[in-house]
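Below: entry-v2.cif (mmCIF, C-alpha atoms and all ligand atoms)
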data_coords
#
loop_
_atom_site.label_atom_id
_atom_site.label_comp_id
_atom_site.auth_asym_id
_atom_site.auth_seq_id
_atom_site.Cartn_x
_atom_site.Cartn_y
_atom_site.Cartn_z
CA MET A 1 -17.53 13.85 -0.53
CA ARG A 2 -16.45 10.80 -2.48
CA LEU A 3 -16.35 8.32 0.43
CA LYS A 4 -19.18 9.61 2.59
CA ASP A 5 -19.90 7.25 5.54
CA LYS A 6 -17.72 4.45 4.13
CA VAL A 7 -15.83 2.50 6.80
CA ILE A 8 -12.31 1.69 5.64
CA LEU A 9 -9.66 -0.46 7.33
CA ILE A 10 -6.11 0.56 6.38
CA THR A 11 -3.21 -1.57 7.61
CA GLY A 12 0.12 0.09 8.31
CA SER A 13 -1.61 3.47 8.39
CA TYR A 14 0.26 5.11 11.27
CA THR A 15 2.96 6.34 8.86
CA GLY A 16 3.80 7.15 5.25
CA ILE A 17 1.47 6.28 2.39
CA GLY A 18 -1.06 4.54 4.66
CA LYS A 19 -1.29 7.66 6.82
CA ALA A 20 -1.84 9.84 3.74
CA ILE A 21 -4.56 7.44 2.54
CA ALA A 22 -6.25 7.56 5.97
CA LYS A 23 -6.25 11.37 6.01
CA SER A 24 -7.57 11.60 2.43
CA CYS A 25 -10.32 9.08 3.20
CA VAL A 26 -11.48 11.07 6.24
CA ARG A 27 -11.39 14.27 4.19
CA GLU A 28 -13.73 12.51 1.74
CA GLY A 29 -16.19 11.61 4.51
CA ALA A 30 -15.01 8.11 5.51
CA LYS A 31 -14.42 6.56 8.94
CA VAL A 32 -11.07 4.76 9.14
CA ILE A 33 -9.63 1.93 11.19
CA LEU A 34 -5.96 2.72 11.76
CA ASN A 35 -3.33 0.04 12.31
CA GLY A 36 0.43 -0.16 12.68
CA LEU A 37 3.22 -1.18 15.03
CA ASP A 38 4.29 2.08 16.66
CA ASP A 39 1.62 2.93 19.23
CA GLN A 40 2.86 6.51 19.68
CA ALA A 41 2.60 7.29 15.96
CA GLY A 42 -0.90 5.75 15.99
CA GLU A 43 -2.04 7.84 18.95
CA GLN A 44 -0.84 11.01 17.22
CA LEU A 45 -2.82 10.30 14.05
CA TYR A 46 -5.85 9.13 16.03
CA ALA A 47 -5.83 12.43 17.96
CA GLU A 48 -5.55 14.36 14.70
CA LEU A 49 -8.44 12.55 12.98
CA GLY A 50 -10.63 12.32 16.07
CA PRO A 51 -12.62 9.44 17.60
CA GLU A 52 -15.68 10.34 15.53
CA ASN A 53 -13.72 9.56 12.35
CA SER A 54 -11.28 6.87 13.40
CA ALA A 55 -10.42 3.94 15.63
CA MET A 56 -7.00 2.36 16.06
CA LEU A 57 -5.49 -1.02 16.88
CA THR A 58 -1.77 -1.50 17.27
CA ILE A 59 -1.20 -5.09 16.25
CA ASP A 60 1.20 -7.06 14.09
CA ILE A 61 -0.90 -8.23 11.14
CA THR A 62 0.95 -11.57 11.09
CA GLU A 63 -0.53 -12.47 14.49
CA GLU A 64 -3.01 -15.32 14.25
CA ASP A 65 -6.08 -13.31 15.29
CA ALA A 66 -5.05 -9.87 13.95
CA ALA A 67 -7.35 -9.90 10.92
CA GLU A 68 -10.35 -10.90 13.00
CA LYS A 69 -9.62 -8.27 15.66
CA LEU A 70 -9.29 -5.50 13.07
CA VAL A 71 -12.52 -6.41 11.27
CA ASP A 72 -14.34 -6.76 14.62
CA LEU A 73 -13.15 -3.29 15.64
CA ALA A 74 -14.64 -1.77 12.47
CA VAL A 75 -17.99 -3.44 13.11
CA GLU A 76 -18.03 -2.65 16.85
CA ARG A 77 -17.05 0.98 16.37
CA PHE A 78 -18.80 1.92 13.11
CA SER A 79 -21.25 -1.00 12.56
CA LYS A 80 -19.80 -2.19 9.24
CA LEU A 81 -16.78 -2.44 6.95
CA ASP A 82 -16.90 -1.15 3.35
CA ALA A 83 -13.29 -1.41 2.27
CA LEU A 84 -9.91 -2.86 3.17
CA VAL A 85 -6.59 -1.33 2.20
CA ASN A 86 -3.72 -3.81 2.50
CA ASN A 87 -0.94 -1.26 2.86
CA ALA A 88 1.34 -2.57 5.66
CA ALA A 89 4.60 -4.01 4.44
CA THR A 90 8.15 -4.62 5.47
CA ILE A 91 10.39 -2.78 3.04
CA VAL A 92 13.68 -4.64 3.20
CA SER A 93 16.81 -5.13 1.12
CA SER A 94 18.02 -8.62 0.27
CA ASN A 95 19.64 -10.33 -2.69
CA ILE A 96 20.21 -13.91 -3.80
CA ARG A 97 23.05 -14.34 -1.26
CA THR A 98 21.14 -12.91 1.68
CA THR A 99 17.59 -14.15 1.07
CA SER A 100 17.38 -17.27 3.24
CA SER A 101 14.20 -19.34 3.11
CA ASP A 102 13.30 -18.14 6.60
CA PHE A 103 13.81 -14.51 5.62
CA LEU A 104 11.68 -14.92 2.49
CA ARG A 105 8.92 -16.62 4.52
CA LYS A 106 8.92 -13.70 6.97
CA VAL A 107 8.64 -11.10 4.21
CA LEU A 108 5.89 -13.06 2.45
CA ASP A 109 4.03 -13.47 5.72
CA ILE A 110 3.80 -9.71 6.27
CA ASN A 111 3.51 -8.47 2.67
CA LEU A 112 1.33 -11.20 1.16
CA VAL A 113 -0.09 -13.92 3.45
CA SER A 114 -1.52 -11.49 6.02
CA GLY A 115 -3.23 -9.53 3.26
CA LEU A 116 -5.02 -12.65 2.06
CA ALA A 117 -6.14 -13.44 5.64
CA LEU A 118 -7.46 -9.89 5.99
CA ILE A 119 -9.45 -10.20 2.76
CA GLU A 120 -10.92 -13.51 3.91
CA LYS A 121 -11.91 -12.16 7.33
CA SER A 122 -13.39 -9.00 5.75
CA LEU A 123 -15.27 -10.84 3.03
CA ASP A 124 -18.71 -11.20 4.68
CA GLN A 125 -18.77 -7.48 5.45
CA LEU A 126 -17.53 -6.58 1.97
CA ILE A 127 -20.19 -8.80 0.36
CA GLU A 128 -22.92 -7.25 2.51
CA ASN A 129 -21.81 -3.71 1.69
CA LYS A 130 -20.74 -4.30 -1.94
CA GLY A 131 -17.33 -3.21 -0.76
CA ASN A 132 -13.85 -3.40 -2.17
CA VAL A 133 -10.21 -4.16 -1.48
CA LEU A 134 -7.21 -2.06 -2.43
CA ASN A 135 -3.77 -3.65 -2.24
CA ILE A 136 -0.74 -1.38 -2.14
CA GLY A 137 1.95 -3.09 -4.17
CA SER A 138 5.04 -1.59 -5.69
CA ILE A 139 6.50 -0.96 -9.09
CA ASN A 140 8.98 -3.67 -8.04
CA ALA A 141 6.15 -6.20 -8.56
CA TRP A 142 7.13 -6.18 -12.26
CA GLY A 143 10.56 -7.67 -11.56
CA GLY A 144 12.25 -5.36 -9.10
CA GLU A 145 15.86 -4.72 -8.26
CA PRO A 146 18.66 -7.19 -7.41
CA ASP A 147 18.80 -5.90 -3.83
CA LEU A 148 15.04 -5.99 -3.33
CA LEU A 149 14.63 -9.70 -4.09
CA ALA A 150 12.32 -10.91 -1.29
CA TYR A 151 10.35 -7.64 -1.31
CA SER A 152 9.86 -7.79 -5.10
CA ILE A 153 8.72 -11.43 -4.94
CA SER A 154 6.16 -10.50 -2.28
CA LYS A 155 4.78 -7.64 -4.39
CA GLY A 156 4.65 -9.84 -7.51
CA GLY A 157 2.59 -12.36 -5.54
CA LEU A 158 0.32 -9.58 -4.31
CA MET A 159 -0.28 -8.46 -7.90
CA THR A 160 -1.38 -11.96 -8.94
CA MET A 161 -3.60 -12.16 -5.85
CA THR A 162 -5.23 -8.86 -6.89
CA ARG A 163 -5.89 -10.03 -10.43
CA ASN A 164 -7.16 -13.45 -9.30
CA LEU A 165 -9.50 -12.24 -6.54
CA GLY A 166 -10.45 -9.10 -8.44
CA ASP A 167 -12.00 -11.38 -11.03
CA SER A 168 -13.45 -14.18 -8.86
CA LEU A 169 -14.79 -12.04 -5.98
CA PHE A 170 -16.30 -9.47 -8.31
CA ARG A 171 -18.06 -12.07 -10.47
CA GLU A 172 -19.34 -14.04 -7.50
CA TYR A 173 -20.03 -11.36 -4.91
CA GLY A 174 -19.68 -7.93 -6.52
CA VAL A 175 -16.58 -7.23 -4.40
CA ARG A 176 -13.94 -5.29 -6.33
CA VAL A 177 -10.22 -5.89 -5.73
CA ASN A 178 -7.60 -3.53 -7.20
CA GLN A 179 -3.99 -2.58 -6.66
CA ILE A 180 -1.83 0.51 -6.82
CA ASN A 181 1.84 0.00 -7.60
CA PRO A 182 3.53 3.17 -6.38
CA GLY A 183 6.81 4.30 -7.81
CA TRP A 184 9.37 5.87 -5.51
CA VAL A 185 7.58 7.86 -2.80
CA LEU A 186 9.23 10.32 -0.42
CA THR A 187 8.03 9.19 3.03
CA ASP A 188 9.52 9.79 6.49
CA ASN A 189 10.60 6.14 6.55
CA GLU A 190 12.35 6.54 3.19
CA MET A 191 14.23 9.55 4.60
CA GLN A 192 15.30 7.50 7.64
CA ILE A 193 16.45 4.57 5.49
CA LYS A 194 18.58 6.83 3.30
CA ALA A 195 20.01 8.64 6.36
CA ALA A 196 20.96 5.24 7.85
CA GLN A 197 22.66 4.39 4.54
CA GLY A 198 24.77 7.52 5.00
CA MET A 199 23.30 9.51 2.12
CA LYS A 200 23.36 13.32 2.26
CA SER A 201 20.26 14.91 3.78
CA ASP A 202 18.97 16.37 0.48
CA TRP A 203 19.60 13.24 -1.65
CA TYR A 204 16.04 13.47 -3.00
CA ARG A 205 16.81 16.77 -4.75
CA ASP A 206 19.54 15.22 -6.85
CA LEU A 207 17.89 12.25 -8.56
CA PRO A 208 19.03 10.62 -11.79
CA ASP A 209 16.64 11.19 -14.74
CA ILE A 210 16.26 7.45 -15.15
CA PHE A 211 14.29 7.25 -11.87
CA ALA A 212 12.67 10.65 -11.82
CA PRO A 213 11.97 12.44 -15.12
CA ALA A 214 10.05 15.01 -13.02
CA LYS A 215 13.25 15.51 -10.95
CA ARG A 216 11.32 14.69 -7.81
CA LEU A 217 9.77 11.70 -6.08
CA PHE A 218 6.07 11.13 -5.52
CA ALA A 219 4.42 12.61 -2.43
CA PRO A 220 2.36 10.18 -0.30
CA GLU A 221 -0.70 12.37 -0.98
CA GLU A 222 -0.39 11.66 -4.72
CA ILE A 223 -0.69 7.92 -4.05
CA ALA A 224 -3.60 8.62 -1.70
CA ALA A 225 -5.42 10.48 -4.51
CA GLY A 226 -5.32 7.31 -6.63
CA ALA A 227 -6.45 5.26 -3.63
CA VAL A 228 -9.52 7.46 -3.08
CA PHE A 229 -10.54 6.96 -6.72
CA LEU A 230 -10.26 3.15 -6.57
CA LEU A 231 -11.99 2.96 -3.17
CA SER A 232 -14.88 5.17 -4.25
CA ASP A 233 -17.98 4.28 -6.27
CA GLU A 234 -16.95 6.76 -8.95
CA CYS A 235 -14.63 4.20 -10.56
CA GLY A 236 -17.68 2.02 -11.30
CA PRO A 237 -17.03 -1.68 -11.95
CA VAL A 238 -13.23 -1.40 -12.14
CA SER A 239 -11.84 -4.63 -10.67
CA ALA A 240 -8.75 -6.86 -10.95
CA GLN A 241 -6.72 -3.87 -12.14
CA VAL A 242 -3.21 -2.84 -11.22
CA MET A 243 -2.61 0.88 -11.47
CA ASP A 244 1.05 1.82 -11.78
CA LEU A 245 1.62 5.27 -10.30
CA GLU A 246 5.06 5.78 -11.79
CA GLN A 247 6.80 8.50 -13.82
CA PHE A 248 7.66 6.23 -16.77
CA PRO A 249 6.27 3.05 -18.35
CA MET A 250 7.51 -0.19 -16.79
CA ILE A 251 7.13 -1.87 -20.22
CA GLY A 252 8.27 -0.25 -23.47
CA ARG A 253 10.25 2.48 -21.81
CA ASN A 254 11.93 5.30 -23.74
CA LEU A 255 15.38 5.58 -22.25
CA PRO A 256 16.76 9.06 -21.66
CA LYS A 257 18.77 10.48 -24.63
CA SER A 258 22.03 10.03 -22.72
CA TRP A 259 21.42 6.25 -22.72
CA GLU A 260 20.74 5.94 -26.46
CA GLY A 261 23.02 3.46 -28.19
CA SER A 262 24.58 2.22 -24.99
CA HIS A 263 22.83 -1.16 -25.32
CA LYS A 264 23.58 -1.78 -29.00
N1 LIG B 301 7.84 4.58 -0.14
C1 LIG B 301 7.97 4.06 -1.35
O1 LIG B 301 8.80 4.50 -2.15
C2 LIG B 301 7.08 2.92 -1.79
C3 LIG B 301 7.16 2.54 -3.14
C4 LIG B 301 6.35 1.51 -3.58
C5 LIG B 301 5.49 0.87 -2.71
N2 LIG B 301 5.45 1.25 -1.40
C6 LIG B 301 4.50 0.52 -0.54
O2 LIG B 301 3.67 1.43 0.15
C7 LIG B 301 3.22 0.83 1.37
C8 LIG B 301 3.47 1.79 2.53
O3 LIG B 301 4.86 1.98 2.67
P1 LIG B 301 5.50 3.38 3.12
O4 LIG B 301 6.45 3.78 2.07
O5 LIG B 301 4.44 4.32 3.53
O6 LIG B 301 6.41 2.93 4.35
P2 LIG B 301 6.14 2.96 5.92
O7 LIG B 301 7.23 2.15 6.52
O8 LIG B 301 5.96 4.35 6.38
O9 LIG B 301 4.75 2.19 6.07
C9 LIG B 301 4.61 0.84 6.35
C10 LIG B 301 3.75 0.71 7.59
O10 LIG B 301 3.43 -0.68 7.78
C11 LIG B 301 3.62 -0.98 9.16
N3 LIG B 301 3.91 -2.39 9.30
C12 LIG B 301 5.01 -3.08 8.89
N4 LIG B 301 4.91 -4.36 9.25
C13 LIG B 301 3.73 -4.49 9.90
C14 LIG B 301 3.07 -5.58 10.54
N5 LIG B 301 3.62 -6.78 10.57
N6 LIG B 301 1.87 -5.36 11.14
C15 LIG B 301 1.30 -4.13 11.12
N7 LIG B 301 1.89 -3.05 10.52
C16 LIG B 301 3.08 -3.24 9.93
C17 LIG B 301 4.79 -0.11 9.60
O11 LIG B 301 4.83 0.01 11.00
C18 LIG B 301 4.46 1.19 8.87
O12 LIG B 301 3.58 1.97 9.63
C19 LIG B 301 3.97 -0.49 1.49
O13 LIG B 301 3.12 -1.53 1.04
C20 LIG B 301 5.14 -0.31 0.55
O14 LIG B 301 5.61 -1.55 0.06
C21 LIG B 301 6.22 2.26 -0.91
#
Represent the structure contained in this file as C-alpha cells.
Amino acid sequence: MRLKDKVILITGSYTGIGKAIAKSCVREGAKVILNGLDDQAGEQLYAELGPENSAMLTIDITEEDAAEKLVDLAVERFSKLDALVNNAATIVSSNIRTTSSDFLRKVLDINLVSGLALIEKSLDQLIENKGNVLNIGSINAWGGEPDLLAYSISKGGLMTMTRNLGDSLFREYGVRVNQINPGWVLTDNEMQIKAAQGMKSDWYRDLPDIFAPAKRLFAPEEIAAGAVFLLSDECGPVSAQVMDLEQFPMIGRNLPKSWEGSHK
C-alpha cells in the first residue's frame, strides 16, 4: 500500500479524473475527503468508498470559507491532512472575442485562486505531516488552443504557482508541490460536452493521429496512477515539477509523416 493511512483532500472528486484519483488513493490505503458540486454524484462515490475511507463536502471552492471547511473536515474526521489535490476546474471554451474580463476572473477564481487559498489553509497540516500538494493542470498550460483561452491562461498560472511554491515551500517547510498536466482524457463530462456539440456517439474511436498517436484517449485511471506516484513517499524529494501525461512532446514534436513539408 503506497498511501497507507495518508489523509488526502481532493477537490472536484465526485466525477472524472478526481474520482479516479480518489478511488486509486483508497485502494492504496488512504482516507479521502471528497468534494464537488453535484451532491448526488458525491453521495454515490461516498457510498462506494465507505465512511471508514472517506468523507464528503459539497461546496463551491470559490466560497469564502470553503478551504477552511474542507481542511477542518479532514482534521475532524481523520485527525490530520497529509495531502491536497487541487483538481476541481471549470472546463470552458472561450476565445479573444468571448473572453470578457468578468468571464476570465470567474475562470481564474475557480481554476487558480481557490487552489492557492486551499494550499494556504492546508499549510499548517502539511508542514506538520511533511505532506504535499498535487495540482491538476492541463497540457493547455503550455499555450493551449484558440478556443480555450481563459482555461489555458488559468492552467498556465497554475503551473507557475506549482513551480514557485514547489521550490519555496519545500525549502522552507519540506512540503512538496507538483503538478500533472493531463492530455486529452475520456471522462463522462467529456462525453457529455461532445454530445452537446452534436458529435457522433463514438467520436473518440476516430481520432486524428495528431492528437492521439495511440488512437485512443487517456483513461482517468492512467492519470490517477501518476497522481498516486507524486502523492506517495516513493517519489522521494521530487518537488516543483510538472509532469506532462501526454502522448507526444509539447516541445520539439515530431509531426506525423502526412504533415511533413507542409510548413516549409
Ligand atoms: N478531461 C480532460 O481531457 C482533461 C485534460 C486536461 C486536464 N484536465 C483537468 O482535470 C481536472 C478534472 O477534470 P475532469 O476532466 O475530470 O472533468 P470533470 O468535469 O469531471 O471534473 C471537474 C470536477 O470539478 C468540479 N467543480 C467545478 N467547479 C467547482 C467548484 N467551483 N467547486 C467545487 N467543485 C467544482 C465539478 O463539479 C467536477 O466534479 C480538471 O482540473 C481539468 O482541467 C482534464
*List as a VMD selection string: which residues have an atom within 12 Å of (-17.3, -2.3, 8.4), counting only C-alpha atoms?*
chain A and resid 5 to 10 30 to 33 55 68 70 to 84 121 to 132
*List all protein, DNA and RNA residues that have any atom at most 9 Å from ligand LIG 301 (chain B), counting all atoms listed in the file, and write the list as a ChimeraX atom specification.*
/A:11-20,35-38,41-42,58-63,66,86-91,109-111,114,135-140,151,155,180-190,217-218,220,223
*asked:* Which residues are close to region 22-27 of chain A, i.e. within 8 Å by all atoms listed in the file, leaving aside same-chain residues fewer than 5 positions away? Reply as a ChimeraX atom specification.
replied: /A:1,3,10,13,32,34,49,53,221,224-225,228
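CA of Gln192 (chain A) is positioned 27.7 Å from CA of Gly50 (chain A).
What separates CA of Gly115 (chain A) from CA of Arg171 (chain A) is a distance of 20.4 Å.
Among the candidates A:Leu245, A:Ala150, A:Met199, A:Ala47, the one nearest to Gly226 (chain A) when counting all atoms listed in the file is A:Leu245.
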*Have a look at A:Ile153, A:Ile96, A:Leu255, A:Val133 and name the one nearest to Leu112 (chain A); count only C-alpha atoms.*
A:Ile153
_From the options A:Pro51, A:Pro213, A:Pro146, A:Gly29, which residue's atoms come nearest to Ser94 (chain A), counting all atoms listed in the file?_
A:Pro146
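Nearest residue to Phe211 (chain A), choosing from A:Met250, A:Val238, A:Ala196, A:Met243 and counting all atoms listed in the file: A:Met250.
Note that CA of Arg205 (chain A) and CA of Met191 (chain A) are 12.1 Å apart.
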*Give the answer as one residue: which of A:Leu118, A:Arg176, A:Leu104, A:Asp39 has the shortest atom-to-atom distance to Gly236 (chain A), using all atoms listed in the file?*
A:Arg176
*Of the candidates A:Asp233, A:Leu169, A:Glu145, A:Gly198, which one gets nearest to Glu120 (chain A) if we count all atoms listed in the file?*
A:Leu169
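If you count only C-alpha atoms and ignore residues fewer than 3 places along the chain from Ala240 (chain A), what sits within 12 Å of it is Asn132, Val133, Leu134, Asn135, Leu158, Met159, Thr160, Met161, Thr162, Arg163, Asn164, Leu165, Gly166, Asp167, Ser168, Leu169, Phe170, Arg171, Gly174, Val175, Arg176, Val177, Asn178, Gln179, Ile180, Leu230, Pro237 and Met243 of chain A.
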Completion of region 65-76 of chain A up to all heavy atoms, as a PDB file, in the coordinates of the input:
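The file below, selection-v2.pdb, is the result:
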ATOM      1  N   ASP A  65      -4.721 -13.863  15.217  1.00  0.00           N
ATOM      2  CA  ASP A  65      -6.080 -13.310  15.290  1.00  0.00           C
ATOM      3  C   ASP A  65      -6.150 -11.826  14.897  1.00  0.00           C
ATOM      4  O   ASP A  65      -7.161 -11.155  15.127  1.00  0.00           O
ATOM      5  CB  ASP A  65      -6.634 -13.496  16.705  1.00  0.00           C
ATOM      6  CG  ASP A  65      -5.686 -12.926  17.766  1.00  0.00           C
ATOM      7  OD1 ASP A  65      -4.587 -12.466  17.386  1.00  0.00           O
ATOM      8  OD2 ASP A  65      -6.043 -12.939  18.949  1.00  0.00           O
ATOM      9  N   ALA A  66      -5.079 -11.311  14.267  1.00  0.00           N
ATOM     10  CA  ALA A  66      -5.050  -9.870  13.950  1.00  0.00           C
ATOM     11  C   ALA A  66      -6.165  -9.474  12.986  1.00  0.00           C
ATOM     12  O   ALA A  66      -6.860  -8.468  13.198  1.00  0.00           O
ATOM     13  CB  ALA A  66      -3.690  -9.481  13.374  1.00  0.00           C
ATOM     14  N   ALA A  67      -6.345 -10.262  11.934  1.00  0.00           N
ATOM     15  CA  ALA A  67      -7.350  -9.900  10.920  1.00  0.00           C
ATOM     16  C   ALA A  67      -8.738  -9.841  11.551  1.00  0.00           C
ATOM     17  O   ALA A  67      -9.490  -8.877  11.342  1.00  0.00           O
ATOM     18  CB  ALA A  67      -7.320 -10.921   9.781  1.00  0.00           C
ATOM     19  N   GLU A  68      -9.038 -10.847  12.354  1.00  0.00           N
ATOM     20  CA  GLU A  68     -10.350 -10.900  13.000  1.00  0.00           C
ATOM     21  C   GLU A  68     -10.550  -9.695  13.928  1.00  0.00           C
ATOM     22  O   GLU A  68     -11.599  -9.047  13.922  1.00  0.00           O
ATOM     23  CB  GLU A  68     -10.464 -12.199  13.779  1.00  0.00           C
ATOM     24  CG  GLU A  68     -11.872 -12.538  14.161  1.00  0.00           C
ATOM     25  CD  GLU A  68     -11.993 -13.970  14.659  1.00  0.00           C
ATOM     26  OE1 GLU A  68     -11.029 -14.746  14.537  1.00  0.00           O
ATOM     27  OE2 GLU A  68     -13.055 -14.297  15.196  1.00  0.00           O
ATOM     28  N   LYS A  69      -9.514  -9.396  14.711  1.00  0.00           N
ATOM     29  CA  LYS A  69      -9.620  -8.270  15.660  1.00  0.00           C
ATOM     30  C   LYS A  69      -9.848  -6.949  14.926  1.00  0.00           C
ATOM     31  O   LYS A  69     -10.622  -6.101  15.376  1.00  0.00           O
ATOM     32  CB  LYS A  69      -8.346  -8.179  16.503  1.00  0.00           C
ATOM     33  CG  LYS A  69      -8.292  -9.218  17.608  1.00  0.00           C
ATOM     34  CD  LYS A  69      -7.086  -8.980  18.486  1.00  0.00           C
ATOM     35  CE  LYS A  69      -7.106  -9.882  19.700  1.00  0.00           C
ATOM     36  NZ  LYS A  69      -5.801 -10.031  20.338  1.00  0.00           N
ATOM     37  N   LEU A  70      -9.160  -6.764  13.812  1.00  0.00           N
ATOM     38  CA  LEU A  70      -9.290  -5.500  13.070  1.00  0.00           C
ATOM     39  C   LEU A  70     -10.677  -5.366  12.452  1.00  0.00           C
ATOM     40  O   LEU A  70     -11.291  -4.295  12.508  1.00  0.00           O
ATOM     41  CB  LEU A  70      -8.188  -5.418  11.992  1.00  0.00           C
ATOM     42  CG  LEU A  70      -6.791  -5.092  12.539  1.00  0.00           C
ATOM     43  CD1 LEU A  70      -5.701  -5.455  11.532  1.00  0.00           C
ATOM     44  CD2 LEU A  70      -6.679  -3.610  12.908  1.00  0.00           C
ATOM     45  N   VAL A  71     -11.182  -6.462  11.879  1.00  0.00           N
ATOM     46  CA  VAL A  71     -12.520  -6.410  11.270  1.00  0.00           C
ATOM     47  C   VAL A  71     -13.566  -6.199  12.373  1.00  0.00           C
ATOM     48  O   VAL A  71     -14.487  -5.382  12.225  1.00  0.00           O
ATOM     49  CB  VAL A  71     -12.801  -7.693  10.456  1.00  0.00           C
ATOM     50  CG1 VAL A  71     -14.243  -7.702   9.944  1.00  0.00           C
ATOM     51  CG2 VAL A  71     -11.821  -7.811   9.291  1.00  0.00           C
ATOM     52  N   ASP A  72     -13.399  -6.917  13.496  1.00  0.00           N
ATOM     53  CA  ASP A  72     -14.340  -6.760  14.620  1.00  0.00           C
ATOM     54  C   ASP A  72     -14.368  -5.311  15.111  1.00  0.00           C
ATOM     55  O   ASP A  72     -15.427  -4.785  15.436  1.00  0.00           O
ATOM     56  CB  ASP A  72     -13.944  -7.679  15.787  1.00  0.00           C
ATOM     57  CG  ASP A  72     -14.297  -9.129  15.499  1.00  0.00           C
ATOM     58  OD1 ASP A  72     -14.941  -9.390  14.462  1.00  0.00           O
ATOM     59  OD2 ASP A  72     -13.900 -10.009  16.300  1.00  0.00           O
ATOM     60  N   LEU A  73     -13.203  -4.684  15.162  1.00  0.00           N
ATOM     61  CA  LEU A  73     -13.150  -3.290  15.640  1.00  0.00           C
ATOM     62  C   LEU A  73     -13.977  -2.373  14.728  1.00  0.00           C
ATOM     63  O   LEU A  73     -14.713  -1.501  15.218  1.00  0.00           O
ATOM     64  CB  LEU A  73     -11.683  -2.813  15.690  1.00  0.00           C
ATOM     65  CG  LEU A  73     -11.469  -1.361  16.101  1.00  0.00           C
ATOM     66  CD1 LEU A  73     -11.990  -1.099  17.511  1.00  0.00           C
ATOM     67  CD2 LEU A  73      -9.985  -0.978  16.007  1.00  0.00           C
ATOM     68  N   ALA A  74     -13.863  -2.597  13.412  1.00  0.00           N
ATOM     69  CA  ALA A  74     -14.640  -1.770  12.470  1.00  0.00           C
ATOM     70  C   ALA A  74     -16.135  -1.932  12.728  1.00  0.00           C
ATOM     71  O   ALA A  74     -16.881  -0.944  12.784  1.00  0.00           O
ATOM     72  CB  ALA A  74     -14.302  -2.173  11.029  1.00  0.00           C
ATOM     73  N   VAL A  75     -16.553  -3.174  12.928  1.00  0.00           N
ATOM     74  CA  VAL A  75     -17.990  -3.440  13.110  1.00  0.00           C
ATOM     75  C   VAL A  75     -18.470  -2.912  14.464  1.00  0.00           C
ATOM     76  O   VAL A  75     -19.530  -2.297  14.556  1.00  0.00           O
ATOM     77  CB  VAL A  75     -18.266  -4.953  12.943  1.00  0.00           C
ATOM     78  CG1 VAL A  75     -19.729  -5.266  13.213  1.00  0.00           C
ATOM     79  CG2 VAL A  75     -17.877  -5.415  11.544  1.00  0.00           C
ATOM     80  N   GLU A  76     -17.653  -3.144  15.510  1.00  0.00           N
ATOM     81  CA  GLU A  76     -18.030  -2.650  16.850  1.00  0.00           C
ATOM     82  C   GLU A  76     -18.145  -1.132  16.868  1.00  0.00           C
ATOM     83  O   GLU A  76     -19.083  -0.559  17.405  1.00  0.00           O
ATOM     84  CB  GLU A  76     -16.948  -3.030  17.868  1.00  0.00           C
ATOM     85  CG  GLU A  76     -17.127  -4.395  18.480  1.00  0.00           C
ATOM     86  CD  GLU A  76     -15.814  -4.877  19.089  1.00  0.00           C
ATOM     87  OE1 GLU A  76     -15.002  -4.030  19.535  1.00  0.00           O
ATOM     88  OE2 GLU A  76     -15.593  -6.108  19.075  1.00  0.00           O
TER      89      GLU A  76
END
